[in-house]
Amino acid sequence: MMAASGAAPGASDPVLTVRDLSVISGARRRTKKRAILEGVSLDFPPHSLTAVVGPSGCGKTTFVRSLNRMVELTPGLTVTGEVRYLGQNIYDRHVNPVMVRRRIGMVFQRPTVFPTSVFENAAFGLRLVHEDENEVDRSVTEALQRAGLWEEVKDDLDRPALSLSGGQQQRLCIARALAVRPRVLLLDEPTSALDPAATQRVEATMQRLKEDYVLVLVTHNVGQAARVSDRIAVLQAGKLIEVGLTADVLERPREKFTEQFITGRFT
Amino acid sequence: MALPSVSTGATPDDNILFDRSARTRWRIGFDRWAGRLLPFLFLVAILPILDVVYYISKSALPTLTLKVLTDTSYRDPDALGVPIITTAEMMTLATLLAILFGLFGGIATAEFLSERAAGWARTFANMLAGTPSVIVGYLGYFAFCLYFGWGYTMIAGVLTLSLFMTPYIFRIADLAFSSIPRHIREAALGSGARPYQYILKVGAPIAFPQILNGVFLAVAIGVGETAPIVLTTHGSVILPQSLLSPAQFLTATIWENFNSPFPVAVALALQAAFILLVVVVGLNIVVRIISARYRKRLEGLFQ
């Protein structure tokens with residue numbers, strides 16, 4: 001419960017609040033403007049896993065990347081609206097995006113380990129802030145345990161991270177994100193490059209993590225969303241068209257599009 | 001909806017497998033013989049190099065003694081001690097300068113400049129790299145020797161050489177950082193790394209072997225350059241006493257002596273050429289060893 005302790009305003013207040021978020025491409029150039037996201041408003045309560053689903057190109061990835069300002073690394077995109085993390089707007093002029101990314105971690109589609117040892121990979125975020133060596137050891141161990149990788153690597157933490165299997169690499173990436181003790185973890189299709197067995201292990205990891213963190217999972221796999229998520233948000237062409245508890249959305253979709261999408265008639 | 005059934009018997013299209021026509025046989029034969037002939041074309045390409053190596057070695061080795069390599073006395077004009085030591089000094093300075101400008105410029109281009117500005121920077125670097133060395137030499141002559149009034153000095157030679165070497169290091173640094181997979185960069189920045197932390201902790205270890213290769217190749221190219229040197233500094237028989245004294249580069253010794261009517265002077269030029277040859281071949285071997293060692297460590301990263 002470590003991650004959720006601290007100066008939270010209230011136990012069940014949302015950790016992340018998204019208000020009227022739009023992302024527009026080509027706004028600063030003379031090229032044609034195009035809205036990738038339009039007026040999305042959404043809350044992320046603590047201890048929950050929200051799955052963001054939708055067809056290809058609906059803005060899922062842009063949405064999740066705009067929750068920790070990673071979207072700014074893509075040139076030519078303009079963000080409007082608010083994303084509040086514990087009440088503070090992360091797009092405020094005085095907010096440093098580096099600090100945002102240290103509190104709101106991210107895991108990508110493909111495993112992105114660095115060409116160093118397993119230990120150094122997990123310790124990457126900690127080394128950026130010069131923590132003391134004992135603290136780094138403790139945090140790395142804890143993060144590897146939480147990511148469900150500890151049993152497989154504890155005997156040889158110095159082996160090259162690139163020698164791990166794809167699924168292990170992805171869990172190492174999760175551990176790297178967890179080591180800096182974020183409250184929020186963004187997962188951008190974390191299993192799309194993995195085989196079924198590895199997918200299962202990553203899903204089990206996500207199930208455990210949602211006890212302590214706010215998880216946002218982008219997936220195009222409705223089955224995965226049904227297995228691991230508490231809530232589902234459906235995006236279509238940049239707009240949030242439906243959000244609700246997983247069971248409600250899957251069993252009693254309010255929108256025609258949602259029904260088509262979850263039954264596989266629209267992909 | 002019923003699809004038409006697919007016949008499993010042989011059709012006229014299947015004849016392509018058993019094509020015995022003259023045209024096909026000729027093509028197959030051509031492929032086979034081309035494969036056998038190409039290695040010999042490679043021989044044609046390396047024969048002139050081997051000839052040069054043989055000629056220089058044969059002429060230089062019999063008279064090459066330790067005294068020739070190390071004697072720095074101006075009273076002994078048949079020794080190479082002065083140009084060898086001067087070349088080492090000048091190359092060290094020029095390489096340091098070229099690394100300073102090339103590395104910072106290349107990293108800035110790959111990481112910090114906008115796409116448009118980076119395009120211009122690359123264009124100018126390519127133009128500088130494509131400029132004939134004699135033009136760079138004249139630039140150095142007019143700028144350093146005449147305009148700054150330094151005359152034929154070591155510093156003019158060093159600056160001109162570094163100007164000549166910078167674009168090679170710039171290009172390789174830019175390329176090395178640009179070719180780091182985008183997802184690695186995003187993962188580092190997404191973990192809360194500041195841009196300089198990404199460059200030092202993630203980018204540099206990945207780009208290092210390639211950049212080291214580039215530096216060694218730039219040194220190998222620079223050490224064999226003649227035009228930028230003879231236009232800015234040469235004609236000294238002693239070691240340079242300061243940056244503002246004339247300096248004798250090894251290639252300048254070859255240039256001055258090779259067409260001499262005196263056999264002793266020609267022999268000196270050939271000995272200098274032999275030393276350069278050893279240095280350049282040595283540098284290239286070092287580059288290969290380093291690449292091989294680091295390629296293994298980065299295996300699986302560039303998928």
# chains A, B, ... in the order shown; residues from 1 in each chain; ligands from 1
call {"tool": "interface_residues", "arguments": {"of": "chain A", "to": "chain B", "cutoff": "8 Å", "atoms": "only C-alpha atoms", "output": "CSV table (one decimal) with C-alpha atoms, in the first residue's frame"}}
result
chain,number,residue,atom,x,y,z
A,70,MET,CA,5.2,11.8,-23.4
A,73,LEU,CA,8.2,14.1,-27.6
A,98,VAL,CA,10.6,15.3,-16.2
A,99,MET,CA,9.0,15.4,-12.8
A,100,VAL,CA,5.7,14.3,-14.2
A,101,ARG,CA,7.3,11.3,-15.8
A,102,ARG,CA,9.0,10.3,-12.6
A,105,GLY,CA,5.5,5.7,-15.1
A,106,MET,CA,5.1,4.1,-18.6
A,107,VAL,CA,5.6,0.7,-20.2
A,108,PHE,CA,5.6,0.5,-24.0
A,110,ARG,CA,7.9,-3.4,-27.2
A,112,THR,CA,12.6,-1.5,-24.1
A,113,VAL,CA,15.5,-2.7,-22.0
A,114,PHE,CA,18.8,-0.9,-22.1
A,115,PRO,CA,22.0,-2.8,-23.0
A,124,PHE,CA,17.8,3.2,-14.0
A,125,GLY,CA,15.1,5.6,-12.7
A,128,LEU,CA,18.7,9.5,-12.2
A,162,LEU,CA,19.1,-8.3,-23.5
A,176,ARG,CA,12.0,-0.3,-14.0
A,177,ALA,CA,8.9,1.9,-14.0
call {"tool": "closest_residue", "arguments": {"among": "A:Leu185, A:Ile24, A:Val243, A:Val249", "to": "His47 (chain A)", "atoms": "only C-alpha atoms"}}
result
A:Leu185
call {"tool": "select_by_dssp", "arguments": {"residues": "region 25-249 of chain A", "states": "helix (DSSP H, G or I)", "output": "PyMOL selection string"}}
result
chain A and resi 60-65+70-73+97-103+118-122+124-127+133-146+150-153+161-163+166-179+196-209+222-228+246-249
call {"tool": "residues_around", "arguments": {"residues": "Gln169 (chain A)", "least_positions_apart": "5", "cutoff": "12 Å", "atoms": "only C-alpha atoms", "output": "JSON, numbers by chain"}}
result
{"A": [107, 108, 109, 110, 111, 112, 113, 114, 115, 117, 118, 121, 122, 144, 147, 148, 149, 152, 153, 160, 161, 162, 163, 164, 174, 175, 176, 190, 191, 193, 194, 198, 199, 201, 202], "B": [300, 301]}
call {"tool": "residues_around", "arguments": {"residues": "Thr109 (chain B)", "least_positions_apart": "6", "cutoff": "9 Å", "atoms": "only C-alpha atoms", "output": "PyMOL selection string"}}
result
chain B and resi 115+117-119+121-122+170+174+178
call {"tool": "atom_distance", "arguments": {"atom1": "CA of Met127 (chain B)", "atom2": "CA of Thr92 (chain B)"}}
result
24.6 Å
call {"tool": "closest_residue", "arguments": {"among": "A:Ala226, A:Ile90, A:Val214, A:Val136", "to": "Asp43 (chain A)", "atoms": "only C-alpha atoms"}}
result
A:Val214
